[in-house]
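Novice: Sending over start14.cif (mmCIF, C-alpha atoms).
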data_my_file
loop_
_atom_site.label_atom_id
_atom_site.label_comp_id
_atom_site.auth_asym_id
_atom_site.auth_seq_id
_atom_site.Cartn_x
_atom_site.Cartn_y
_atom_site.Cartn_z
CA GLU A 17 7.04 -42.31 20.98
CA PRO A 18 5.42 -39.84 23.41
CA GLU A 19 7.44 -36.74 24.25
CA VAL A 20 7.33 -33.88 26.70
CA THR A 21 6.46 -30.67 24.88
CA GLN A 22 7.09 -27.07 25.93
CA THR A 23 5.82 -23.71 24.74
CA PRO A 24 6.96 -21.22 23.75
CA SER A 25 10.37 -22.25 22.42
CA HIS A 26 11.66 -18.73 22.99
CA GLN A 27 10.24 -15.97 25.16
CA VAL A 28 11.60 -12.44 25.34
CA THR A 29 10.34 -10.28 28.18
CA GLN A 30 11.23 -7.07 29.95
CA MET A 31 12.56 -6.99 33.48
CA GLY A 32 9.74 -6.90 36.00
CA GLN A 33 7.22 -8.62 33.75
CA GLU A 34 5.51 -11.89 34.55
CA VAL A 35 6.07 -14.93 32.36
CA ILE A 36 4.40 -18.31 32.23
CA LEU A 37 6.25 -21.22 30.72
CA ARG A 38 4.13 -24.16 29.66
CA CYS A 39 4.81 -27.86 29.55
CA VAL A 40 2.78 -30.88 28.56
CA PRO A 41 4.27 -33.92 30.28
CA ILE A 42 3.91 -37.44 28.93
CA SER A 43 0.33 -38.50 29.61
CA ASN A 44 0.79 -41.36 32.10
CA HIS A 45 3.62 -39.70 34.02
CA LEU A 46 3.02 -38.65 37.62
CA TYR A 47 6.16 -36.74 38.62
CA PHE A 48 6.96 -33.37 37.11
CA TYR A 49 10.06 -31.22 37.33
CA TRP A 50 11.46 -27.89 36.23
CA TYR A 51 15.17 -27.35 35.66
CA ARG A 52 17.02 -24.35 34.33
CA GLN A 53 20.30 -23.95 32.50
CA ILE A 54 22.04 -20.62 32.27
CA LEU A 55 23.97 -20.38 29.00
CA GLY A 56 27.18 -22.39 29.16
CA GLN A 57 26.48 -23.75 32.63
CA LYS A 58 25.11 -26.92 34.16
CA VAL A 59 21.48 -27.93 34.44
CA GLU A 60 20.06 -26.95 37.84
CA PHE A 61 17.02 -28.35 39.62
CA LEU A 62 14.26 -25.87 40.43
CA VAL A 63 11.23 -27.81 41.66
CA SER A 64 9.51 -31.18 41.67
CA PHE A 65 5.75 -31.69 41.75
CA TYR A 66 3.62 -34.70 42.58
CA ASN A 67 -0.02 -35.23 43.45
CA ASN A 68 -0.77 -31.54 42.92
CA GLU A 69 1.77 -30.23 45.31
CA ILE A 70 5.44 -29.32 45.42
CA SER A 71 7.60 -32.24 46.56
CA GLU A 72 10.88 -30.37 46.73
CA LYS A 73 12.27 -27.02 45.69
CA SER A 74 15.75 -25.61 45.43
CA GLU A 75 17.13 -22.36 46.80
CA ILE A 76 16.70 -20.86 43.34
CA PHE A 77 12.94 -21.40 43.55
CA ASP A 78 12.11 -18.35 45.65
CA ASP A 79 8.82 -16.51 46.12
CA GLN A 80 8.99 -15.16 42.57
CA PHE A 81 8.44 -18.66 41.21
CA SER A 82 5.32 -20.80 41.30
CA VAL A 83 4.15 -23.97 39.59
CA GLU A 84 0.72 -25.20 38.75
CA ARG A 85 -1.01 -28.08 37.06
CA PRO A 86 -4.15 -26.24 35.99
CA ASP A 87 -5.71 -29.19 34.21
CA GLY A 88 -4.96 -32.83 33.46
CA SER A 89 -2.30 -32.12 30.90
CA ASN A 90 -0.43 -28.84 31.42
CA PHE A 91 2.28 -28.06 33.95
CA THR A 92 3.30 -24.42 34.20
CA LEU A 93 6.13 -22.41 35.70
CA LYS A 94 5.36 -18.78 36.51
CA ILE A 95 7.95 -16.14 37.25
CA ARG A 96 6.16 -13.17 38.79
CA SER A 97 8.65 -10.37 38.27
CA THR A 98 11.50 -11.38 36.01
CA LYS A 99 15.07 -10.32 36.61
CA LEU A 100 17.97 -10.21 34.18
CA GLU A 101 19.48 -13.24 35.91
CA ASP A 102 16.38 -15.32 35.12
CA SER A 103 17.58 -15.46 31.52
CA ALA A 104 18.17 -19.15 30.89
CA MET A 105 16.86 -22.25 29.19
CA TYR A 106 14.07 -23.81 31.22
CA PHE A 107 13.49 -27.53 30.87
CA CYS A 108 10.42 -29.41 32.01
CA ALA A 109 10.72 -33.12 32.74
CA SER A 110 8.39 -35.91 33.76
CA SER A 111 8.72 -39.46 35.03
CA VAL A 112 6.82 -42.52 36.22
CA PRO A 113 7.13 -44.07 39.71
CA ILE A 114 8.75 -47.30 38.51
CA SER A 115 11.63 -45.62 36.71
CA TYR A 116 14.52 -43.34 37.54
CA GLU A 117 14.56 -41.87 34.05
CA GLN A 118 13.20 -38.37 33.60
CA TYR A 119 12.08 -37.33 30.14
CA PHE A 120 13.09 -33.82 29.23
CA GLY A 121 11.19 -31.40 27.05
CA PRO A 122 12.95 -29.34 24.35
CA GLY A 123 13.18 -26.31 26.62
CA THR A 124 12.04 -22.69 26.60
CA ARG A 125 14.72 -20.09 26.14
CA LEU A 126 13.81 -17.11 28.33
CA THR A 127 15.53 -13.83 27.59
CA VAL A 128 14.96 -11.00 30.05
CA THR A 129 15.95 -7.56 28.78
CA GLY B 16 23.00 -32.02 49.78
CA GLU B 17 24.44 -33.99 46.91
CA ASN B 18 27.25 -32.47 44.87
CA VAL B 19 28.63 -33.86 41.62
CA GLU B 20 32.08 -32.88 40.40
CA GLN B 21 33.06 -33.52 36.79
CA HIS B 22 36.33 -33.26 34.91
CA PRO B 23 37.77 -32.32 32.58
CA SER B 24 35.71 -29.31 31.57
CA THR B 25 37.03 -29.57 28.00
CA LEU B 26 38.42 -32.60 26.20
CA SER B 27 39.82 -32.84 22.69
CA VAL B 28 40.53 -36.23 21.18
CA GLN B 29 41.53 -37.39 17.74
CA GLU B 30 38.79 -39.12 15.79
CA GLY B 31 39.01 -42.84 16.43
CA ASP B 32 40.64 -42.44 19.84
CA SER B 33 38.92 -42.97 23.19
CA ALA B 34 37.53 -40.32 25.51
CA VAL B 35 37.13 -40.64 29.26
CA ILE B 36 35.15 -38.31 31.50
CA LYS B 37 35.27 -38.70 35.26
CA CYS B 38 32.86 -37.71 38.01
CA THR B 39 32.65 -37.93 41.77
CA TYR B 40 29.62 -37.57 43.99
CA SER B 41 29.33 -36.68 47.63
CA ASP B 42 26.23 -38.44 48.95
CA SER B 43 26.60 -42.20 49.41
CA ALA B 44 22.78 -42.48 49.31
CA SER B 45 22.76 -41.77 45.57
CA ASN B 46 21.57 -44.82 43.67
CA TYR B 47 21.36 -43.86 40.03
CA PHE B 48 23.93 -42.25 37.77
CA PRO B 49 22.79 -41.11 34.32
CA TRP B 50 24.94 -39.57 31.62
CA TYR B 51 23.56 -37.00 29.23
CA LYS B 52 24.73 -35.67 25.89
CA GLN B 53 23.66 -32.15 25.03
CA GLU B 54 24.04 -30.52 21.65
CA LEU B 55 23.86 -26.76 21.32
CA GLY B 56 20.39 -25.44 22.08
CA LYS B 57 18.94 -28.90 22.62
CA ARG B 58 17.63 -30.83 25.60
CA PRO B 59 19.90 -33.17 27.59
CA GLN B 60 19.65 -36.61 26.03
CA LEU B 61 20.17 -39.69 28.19
CA ILE B 62 22.87 -41.85 26.60
CA ILE B 63 23.59 -44.40 29.31
CA ASP B 64 22.90 -44.91 32.99
CA ILE B 65 24.04 -47.17 35.80
CA ARG B 66 22.46 -48.24 39.05
CA SER B 67 24.39 -48.45 42.29
CA ASN B 68 24.28 -52.26 42.39
CA VAL B 69 26.17 -52.53 39.10
CA GLY B 70 29.87 -51.85 38.55
CA GLU B 71 29.96 -51.51 34.79
CA LYS B 72 27.58 -51.18 31.86
CA LYS B 73 28.28 -51.08 28.15
CA ASP B 74 26.24 -50.04 25.14
CA GLN B 75 28.11 -50.32 21.85
CA ARG B 76 30.87 -47.67 21.94
CA ILE B 77 29.83 -46.24 25.30
CA ALA B 78 30.58 -47.70 28.71
CA VAL B 79 30.15 -46.47 32.24
CA THR B 80 31.91 -47.67 35.37
CA LEU B 81 30.95 -47.04 38.98
CA ASN B 82 33.06 -47.37 42.10
CA LYS B 83 30.61 -46.94 44.95
CA THR B 84 33.26 -47.17 47.64
CA ALA B 85 35.24 -44.31 46.17
CA LYS B 86 32.11 -42.50 44.91
CA HIS B 87 33.57 -42.27 41.42
CA PHE B 88 31.95 -42.95 38.08
CA SER B 89 33.28 -42.58 34.57
CA LEU B 90 32.11 -42.46 30.97
CA HIS B 91 34.21 -44.12 28.30
CA ILE B 92 33.60 -43.52 24.60
CA THR B 93 35.65 -45.67 22.23
CA GLU B 94 36.31 -45.17 18.50
CA THR B 95 35.14 -41.58 18.71
CA GLN B 96 33.36 -40.08 15.72
CA PRO B 97 32.68 -36.45 14.72
CA GLU B 98 29.06 -36.76 15.86
CA ASP B 99 30.28 -37.47 19.40
CA SER B 100 31.23 -33.78 19.67
CA ALA B 101 28.89 -32.29 22.30
CA VAL B 102 28.70 -31.40 25.98
CA TYR B 103 28.42 -34.41 28.28
CA PHE B 104 26.94 -34.21 31.77
CA CYS B 105 27.21 -36.78 34.52
CA ALA B 106 24.52 -36.76 37.17
CA ALA B 107 23.36 -38.45 40.35
CA GLN B 108 19.96 -39.22 41.77
CA MET B 109 18.87 -40.84 45.01
CA ASN B 110 15.38 -42.21 44.56
CA ARG B 111 13.09 -42.64 41.58
CA ASP B 112 11.13 -39.45 42.20
CA ASP B 113 14.11 -37.35 43.26
CA LYS B 114 15.76 -34.44 41.55
CA ILE B 115 18.73 -35.03 39.27
CA ILE B 116 21.96 -33.35 40.35
CA PHE B 117 24.13 -32.56 37.35
CA GLY B 118 27.86 -32.08 37.04
CA LYS B 119 29.20 -28.99 35.32
CA GLY B 120 29.68 -30.72 31.99
CA THR B 121 32.53 -31.67 29.69
CA ARG B 122 32.79 -30.17 26.23
CA LEU B 123 34.10 -32.94 24.00
CA HIS B 124 35.74 -32.00 20.69
CA ILE B 125 36.50 -34.74 18.20
CA LEU B 126 39.38 -33.62 16.00
CA PRO B 127 39.54 -34.77 12.36
#
Mind converting the file's structure to structure tokens?
Specialist:
Amino acid sequence: EPEVTQTPSHQVTQMGQEVILRCVPISNHLYFYWYRQILGQKVEFLVSFYNNEISEKSEIFDDQFSVERPDGSNFTLKIRSTKLEDSAMYFCASSVPISYEQYFGPGTRLTVT
Amino acid sequence: GENVEQHPSTLSVQEGDSAVIKCTYSDSASNYFPWYKQELGKRPQLIIDIRSNVGEKKDQRIAVTLNKTAKHFSLHITETQPEDSAVYFCAAQMNRDDKIIFGKGTRLHILP
């Protein structure tokens, strides 16, 4: 069964550094999402992406964040200048237009020191 | 915007007993209510969902009920087993391409 994949599984970075988290959505999916989960807390929506543009973004998704679909398969989340509070698990998800279900990737644990 | 409240935050039940987790949502336009199970360090895993035009849905030991008038929905797990121990999240979604709004989660402990 096809799955969403994410790399790396764990990223450690220093405050102020840029990070790029990568996702490969399921191949025939058209809607893409990023969520984050701070340790011990709920999953929070960051951004949705469709037809090569952002559909919706949350208050968390400020100017330090950007998303891109650089080719036909990858979907990336960039954090330009990481802060300590960006430490979290970041989940990518994808879906098809006919279904409500979003398929989650295994997540990237980002640790900012 | 939509807000999903979930309780209890922690629930301990004896193995074999039933567990009930309750949620409320704020936006009557929400149409889809998934439930996720999350084990430590893993992705949220969809275990059951219900659409707004349905009042109840069952899948083996798991059932979900929805009261659209009251904006309440609940997860029922019967004959609990040790492998049911995890964090459970309720969620709400309006349209098929919309974001999922999660509750804060319930940590379920199944006691031997």
Novice: Counting all atoms listed in the file, which residues of chain A fall within 10 Å of chain B, and what is the closest atom pair for each with its distance in Å at one decimal, ordered by chain and rising number, as CSV?
Specialist:
residue,atom,partner,partner_atom,distance
A:Leu46,CA,B:Asp112,CA,9.3
A:Tyr47,CA,B:Asp112,CA,6.7
A:Phe48,CA,B:Asp112,CA,9.0
A:Tyr49,CA,B:Lys114,CA,7.8
A:Trp50,CA,B:Lys114,CA,9.5
A:Tyr51,CA,B:Ile115,CA,9.2
A:Leu55,CA,B:Gly56,CA,9.3
A:Gly56,CA,B:Gly120,CA,9.1
A:Gln57,CA,B:Lys119,CA,6.5
A:Lys58,CA,B:Lys119,CA,4.7
A:Val59,CA,B:Phe117,CA,6.1
A:Glu60,CA,B:Phe117,CA,6.9
A:Phe61,CA,B:Lys114,CA,6.5
A:Leu62,CA,B:Lys114,CA,8.8
A:Val63,CA,B:Lys114,CA,8.0
A:Ser64,CA,B:Lys114,CA,7.1
A:Phe65,CA,B:Asp112,CA,9.5
A:Tyr66,CA,B:Asp112,CA,8.9
A:Ser71,CA,B:Asp113,CA,8.9
A:Glu72,CA,B:Lys114,CA,8.2
A:Lys73,CA,B:Lys114,CA,9.2
A:Ser74,CA,B:Lys114,CA,9.6
A:Met105,CA,B:Gly56,CA,8.6
A:Tyr106,CA,B:Arg58,CA,9.7
A:Phe107,CA,B:Arg58,CA,7.5
A:Cys108,CA,B:Arg58,CA,9.8
A:Ser110,CA,B:Asp112,CA,9.6
A:Ser111,CA,B:Asp112,CA,7.6
A:Val112,CA,B:Asp112,CA,8.0
A:Pro113,CA,B:Arg111,CA,6.4
A:Ile114,CA,B:Arg111,CA,7.1
A:Ser115,CA,B:Arg111,CA,5.9
A:Tyr116,CA,B:Arg111,CA,4.3
A:Glu117,CA,B:Arg111,CA,7.7
A:Gln118,CA,B:Ile115,CA,8.6
A:Tyr119,CA,B:Gln60,CA,8.6
A:Phe120,CA,B:Arg58,CA,6.5
A:Gly121,CA,B:Arg58,CA,6.6
A:Pro122,CA,B:Arg58,CA,5.1
A:Gly123,CA,B:Arg58,CA,6.4
A:Thr124,CA,B:Gly56,CA,9.9
A:Arg125,CA,B:Gly56,CA,8.8
Novice: Is it possible to get the residues within 12 Å of (40.6, -26.9, 34.1) (coordinates as in the file, counting all atoms listed in the file) written as a compact mmCIF listing (two decimals) with C-alpha atoms, in the coordinates of the input?
Specialist:
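For reference, point04.txt as written:
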# COMPACT_ATOMS: atom_id res chain seq x y z
CA GLN B 21 33.06 -33.52 36.79
CA HIS B 22 36.33 -33.26 34.91
CA PRO B 23 37.77 -32.32 32.58
CA SER B 24 35.71 -29.31 31.57
CA THR B 25 37.03 -29.57 28.00
CA LEU B 26 38.42 -32.60 26.20
CA LYS B 119 29.20 -28.99 35.32
CA GLY B 120 29.68 -30.72 31.99
CA THR B 121 32.53 -31.67 29.69
CA ARG B 122 32.79 -30.17 26.23
Novice: Box for range 51-62 of chain A: with edges along x, y and z, all listed atoms inside and 4 Å added on each side, what are the centre and edge lengths in Å to one decimal, as lines of an AutoDock Vina configuration file?
Specialist:
center_x = 20.7
center_y = -24.4
center_z = 34.7
size_x = 20.9
size_y = 16.0
size_z = 19.4
Novice: List the residues selected by the PyMOL selection byres ((chain A and resi 91-96) around 6) in the file shown, writing them as a JSON list (two decimals) with C-alpha atoms, in the coordinates of the input.
Specialist:
[["chain", "number", "residue", "atom", "x", "y", "z"],
["A", 34, "GLU", "CA", 5.51, -11.89, 34.55],
["A", 35, "VAL", "CA", 6.07, -14.93, 32.36],
["A", 36, "ILE", "CA", 4.40, -18.31, 32.23],
["A", 37, "LEU", "CA", 6.25, -21.22, 30.72],
["A", 38, "ARG", "CA", 4.13, -24.16, 29.66],
["A", 39, "CYS", "CA", 4.81, -27.86, 29.55],
["A", 80, "GLN", "CA", 8.99, -15.16, 42.57],
["A", 81, "PHE", "CA", 8.44, -18.66, 41.21],
["A", 82, "SER", "CA", 5.32, -20.80, 41.30],
["A", 83, "VAL", "CA", 4.15, -23.97, 39.59],
["A", 84, "GLU", "CA", 0.72, -25.20, 38.75],
["A", 85, "ARG", "CA", -1.01, -28.08, 37.06],
["A", 90, "ASN", "CA", -0.43, -28.84, 31.42],
["A", 97, "SER", "CA", 8.65, -10.37, 38.27]]
Novice: Could you tell me how far CA of Pro97 in chain B lies from CA of Ala78 in chain B, in Å and to one decimal?
Specialist: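 These two atoms are separated by 18.1 Å.
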Novice: Just to confirm, what's the straight-line distance from CA of Val79 in chain B to CA of Ser100 in chain B in Å (one decimal)?
Specialist: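 Going from CA of Val79 in chain B over to CA of Ser100 in chain B, I get 17.9 Å.
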Novice: Once the PyMOL selection byres ((chain A and resi 30) around 7) has been applied to the shown file, what residues remain in the selection, as a list in words?
Specialist: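 With the shown file as input, the PyMOL selection byres ((chain A and resi 30) around 7) matches Thr29, Met31, Gly32, Gln33, Val128 and Thr129 of chain A.
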Novice: What is the CA of Ala34 in chain B-CA of His91 in chain B distance in Å, reported with one decimal?
Specialist: 5.8 Å
Novice: Residues at most 6 Å from Ile92 in chain B, counting only C-alpha atoms, excluding those fewer than 5 positions away in the same chain, as a PyMOL selection string?
Specialist: chain B and resi 33-34+76-77
Novice: Would you list the contacts of Asp42 in chain B as a list of chain:residue names, taking every protein, DNA or RNA residue within 9 Å and counting all atoms listed in the file, but skipping same-chain residues closer than 6 positions in sequence?
Specialist: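 Residues meeting the cut-off are B:Gly16, B:Glu17, B:Asn18, B:Val19, B:Lys86, B:Met109.
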Novice: Can you write just those residues out, C-alpha atoms, as an mmCIF file, in the frame of the given file?
Specialist:
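This went into result12.cif:
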data_model
loop_
_atom_site.group_PDB
_atom_site.id
_atom_site.type_symbol
_atom_site.label_atom_id
_atom_site.label_comp_id
_atom_site.auth_asym_id
_atom_site.auth_seq_id
_atom_site.Cartn_x
_atom_site.Cartn_y
_atom_site.Cartn_z
ATOM 1 C CA GLY B 16 23.000 -32.020 49.780
ATOM 2 C CA GLU B 17 24.440 -33.990 46.910
ATOM 3 C CA ASN B 18 27.250 -32.470 44.870
ATOM 4 C CA VAL B 19 28.630 -33.860 41.620
ATOM 5 C CA LYS B 86 32.110 -42.500 44.910
ATOM 6 C CA MET B 109 18.870 -40.840 45.010
#
Novice: Restore all heavy atoms in range 70-81 of chain A and list the result as a PDB file, in the frame of the given file.
Specialist:
ATOM      1  N   ILE A  70       3.987 -29.327  45.554  1.00  0.00           N
ATOM      2  CA  ILE A  70       5.440 -29.320  45.420  1.00  0.00           C
ATOM      3  C   ILE A  70       6.033 -30.377  46.333  1.00  0.00           C
ATOM      4  O   ILE A  70       5.715 -30.442  47.531  1.00  0.00           O
ATOM      5  CB  ILE A  70       5.998 -27.916  45.761  1.00  0.00           C
ATOM      6  CG1 ILE A  70       5.597 -26.919  44.666  1.00  0.00           C
ATOM      7  CG2 ILE A  70       7.495 -27.963  45.933  1.00  0.00           C
ATOM      8  CD1 ILE A  70       5.972 -25.482  44.980  1.00  0.00           C
ATOM      9  N   SER A  71       6.897 -31.220  45.773  1.00  0.00           N
ATOM     10  CA  SER A  71       7.600 -32.240  46.560  1.00  0.00           C
ATOM     11  C   SER A  71       8.893 -31.674  47.147  1.00  0.00           C
ATOM     12  O   SER A  71       9.235 -31.944  48.285  1.00  0.00           O
ATOM     13  CB  SER A  71       7.963 -33.442  45.688  1.00  0.00           C
ATOM     14  OG  SER A  71       6.845 -33.938  45.021  1.00  0.00           O
ATOM     15  N   GLU A  72       9.597 -30.936  46.317  1.00  0.00           N
ATOM     16  CA  GLU A  72      10.880 -30.370  46.730  1.00  0.00           C
ATOM     17  C   GLU A  72      11.165 -29.138  45.886  1.00  0.00           C
ATOM     18  O   GLU A  72      10.759 -29.076  44.725  1.00  0.00           O
ATOM     19  CB  GLU A  72      12.007 -31.396  46.557  1.00  0.00           C
ATOM     20  CG  GLU A  72      13.335 -30.948  47.115  1.00  0.00           C
ATOM     21  CD  GLU A  72      14.425 -32.012  47.000  1.00  0.00           C
ATOM     22  OE1 GLU A  72      14.147 -33.122  46.497  1.00  0.00           O
ATOM     23  OE2 GLU A  72      15.554 -31.721  47.425  1.00  0.00           O
ATOM     24  N   LYS A  73      11.846 -28.181  46.463  1.00  0.00           N
ATOM     25  CA  LYS A  73      12.270 -27.020  45.690  1.00  0.00           C
ATOM     26  C   LYS A  73      13.683 -26.635  46.088  1.00  0.00           C
ATOM     27  O   LYS A  73      14.116 -26.898  47.210  1.00  0.00           O
ATOM     28  CB  LYS A  73      11.310 -25.845  45.865  1.00  0.00           C
ATOM     29  CG  LYS A  73      11.128 -25.406  47.295  1.00  0.00           C
ATOM     30  CD  LYS A  73      10.080 -24.312  47.377  1.00  0.00           C
ATOM     31  CE  LYS A  73       9.905 -23.876  48.830  1.00  0.00           C
ATOM     32  NZ  LYS A  73       8.906 -22.793  48.978  1.00  0.00           N
ATOM     33  N   SER A  74      14.389 -26.022  45.159  1.00  0.00           N
ATOM     34  CA  SER A  74      15.750 -25.610  45.430  1.00  0.00           C
ATOM     35  C   SER A  74      15.771 -24.183  45.950  1.00  0.00           C
ATOM     36  O   SER A  74      14.751 -23.482  45.959  1.00  0.00           O
ATOM     37  CB  SER A  74      16.601 -25.726  44.165  1.00  0.00           C
ATOM     38  OG  SER A  74      16.232 -24.714  43.248  1.00  0.00           O
ATOM     39  N   GLU A  75      16.973 -23.746  46.319  1.00  0.00           N
ATOM     40  CA  GLU A  75      17.130 -22.360  46.800  1.00  0.00           C
ATOM     41  C   GLU A  75      16.816 -21.353  45.701  1.00  0.00           C
ATOM     42  O   GLU A  75      16.467 -20.221  45.982  1.00  0.00           O
ATOM     43  CB  GLU A  75      18.576 -22.154  47.273  1.00  0.00           C
ATOM     44  CG  GLU A  75      18.899 -22.930  48.528  1.00  0.00           C
ATOM     45  CD  GLU A  75      20.374 -22.810  48.912  1.00  0.00           C
ATOM     46  OE1 GLU A  75      21.155 -22.217  48.127  1.00  0.00           O
ATOM     47  OE2 GLU A  75      20.736 -23.313  49.981  1.00  0.00           O
ATOM     48  N   ILE A  76      16.982 -21.757  44.455  1.00  0.00           N
ATOM     49  CA  ILE A  76      16.700 -20.860  43.340  1.00  0.00           C
ATOM     50  C   ILE A  76      15.203 -20.539  43.297  1.00  0.00           C
ATOM     51  O   ILE A  76      14.792 -19.441  42.935  1.00  0.00           O
ATOM     52  CB  ILE A  76      17.107 -21.499  42.000  1.00  0.00           C
ATOM     53  CG1 ILE A  76      18.581 -21.897  42.020  1.00  0.00           C
ATOM     54  CG2 ILE A  76      16.812 -20.576  40.836  1.00  0.00           C
ATOM     55  CD1 ILE A  76      18.965 -22.804  40.864  1.00  0.00           C
ATOM     56  N   PHE A  77      14.394 -21.509  43.659  1.00  0.00           N
ATOM     57  CA  PHE A  77      12.940 -21.400  43.550  1.00  0.00           C
ATOM     58  C   PHE A  77      12.418 -20.567  44.706  1.00  0.00           C
ATOM     59  O   PHE A  77      11.903 -21.089  45.702  1.00  0.00           O
ATOM     60  CB  PHE A  77      12.330 -22.803  43.543  1.00  0.00           C
ATOM     61  CG  PHE A  77      10.885 -22.860  43.113  1.00  0.00           C
ATOM     62  CD1 PHE A  77      10.563 -23.011  41.775  1.00  0.00           C
ATOM     63  CD2 PHE A  77       9.851 -22.773  44.033  1.00  0.00           C
ATOM     64  CE1 PHE A  77       9.238 -23.082  41.363  1.00  0.00           C
ATOM     65  CE2 PHE A  77       8.532 -22.834  43.638  1.00  0.00           C
ATOM     66  CZ  PHE A  77       8.214 -22.995  42.299  1.00  0.00           C
ATOM     67  N   ASP A  78      12.550 -19.233  44.563  1.00  0.00           N
ATOM     68  CA  ASP A  78      12.110 -18.350  45.650  1.00  0.00           C
ATOM     69  C   ASP A  78      10.654 -17.922  45.423  1.00  0.00           C
ATOM     70  O   ASP A  78       9.953 -18.485  44.575  1.00  0.00           O
ATOM     71  CB  ASP A  78      13.055 -17.164  45.764  1.00  0.00           C
ATOM     72  CG  ASP A  78      13.089 -16.310  44.505  1.00  0.00           C
ATOM     73  OD1 ASP A  78      12.124 -16.365  43.700  1.00  0.00           O
ATOM     74  OD2 ASP A  78      14.078 -15.595  44.312  1.00  0.00           O
ATOM     75  N   ASP A  79      10.226 -16.924  46.162  1.00  0.00           N
ATOM     76  CA  ASP A  79       8.820 -16.510  46.120  1.00  0.00           C
ATOM     77  C   ASP A  79       8.380 -15.959  44.765  1.00  0.00           C
ATOM     78  O   ASP A  79       7.193 -15.771  44.533  1.00  0.00           O
ATOM     79  CB  ASP A  79       8.561 -15.439  47.195  1.00  0.00           C
ATOM     80  CG  ASP A  79       8.684 -16.005  48.592  1.00  0.00           C
ATOM     81  OD1 ASP A  79       8.666 -17.253  48.716  1.00  0.00           O
ATOM     82  OD2 ASP A  79       8.808 -15.232  49.549  1.00  0.00           O
ATOM     83  N   GLN A  80       9.342 -15.660  43.901  1.00  0.00           N
ATOM     84  CA  GLN A  80       8.990 -15.160  42.570  1.00  0.00           C
ATOM     85  C   GLN A  80       8.514 -16.277  41.638  1.00  0.00           C
ATOM     86  O   GLN A  80       7.951 -16.005  40.581  1.00  0.00           O
ATOM     87  CB  GLN A  80      10.195 -14.453  41.923  1.00  0.00           C
ATOM     88  CG  GLN A  80      10.609 -13.182  42.631  1.00  0.00           C
ATOM     89  CD  GLN A  80       9.474 -12.164  42.627  1.00  0.00           C
ATOM     90  OE1 GLN A  80       8.850 -11.918  41.604  1.00  0.00           O
ATOM     91  NE2 GLN A  80       9.211 -11.580  43.787  1.00  0.00           N
ATOM     92  N   PHE A  81       8.779 -17.518  42.042  1.00  0.00           N
ATOM     93  CA  PHE A  81       8.440 -18.660  41.210  1.00  0.00           C
ATOM     94  C   PHE A  81       7.209 -19.379  41.767  1.00  0.00           C
ATOM     95  O   PHE A  81       7.011 -19.452  42.986  1.00  0.00           O
ATOM     96  CB  PHE A  81       9.605 -19.670  41.186  1.00  0.00           C
ATOM     97  CG  PHE A  81      10.822 -19.212  40.450  1.00  0.00           C
ATOM     98  CD1 PHE A  81      11.797 -18.465  41.085  1.00  0.00           C
ATOM     99  CD2 PHE A  81      11.003 -19.539  39.110  1.00  0.00           C
ATOM    100  CE1 PHE A  81      12.942 -18.054  40.404  1.00  0.00           C
ATOM    101  CE2 PHE A  81      12.141 -19.139  38.423  1.00  0.00           C
ATOM    102  CZ  PHE A  81      13.109 -18.394  39.073  1.00  0.00           C
TER     103      PHE A  81
END
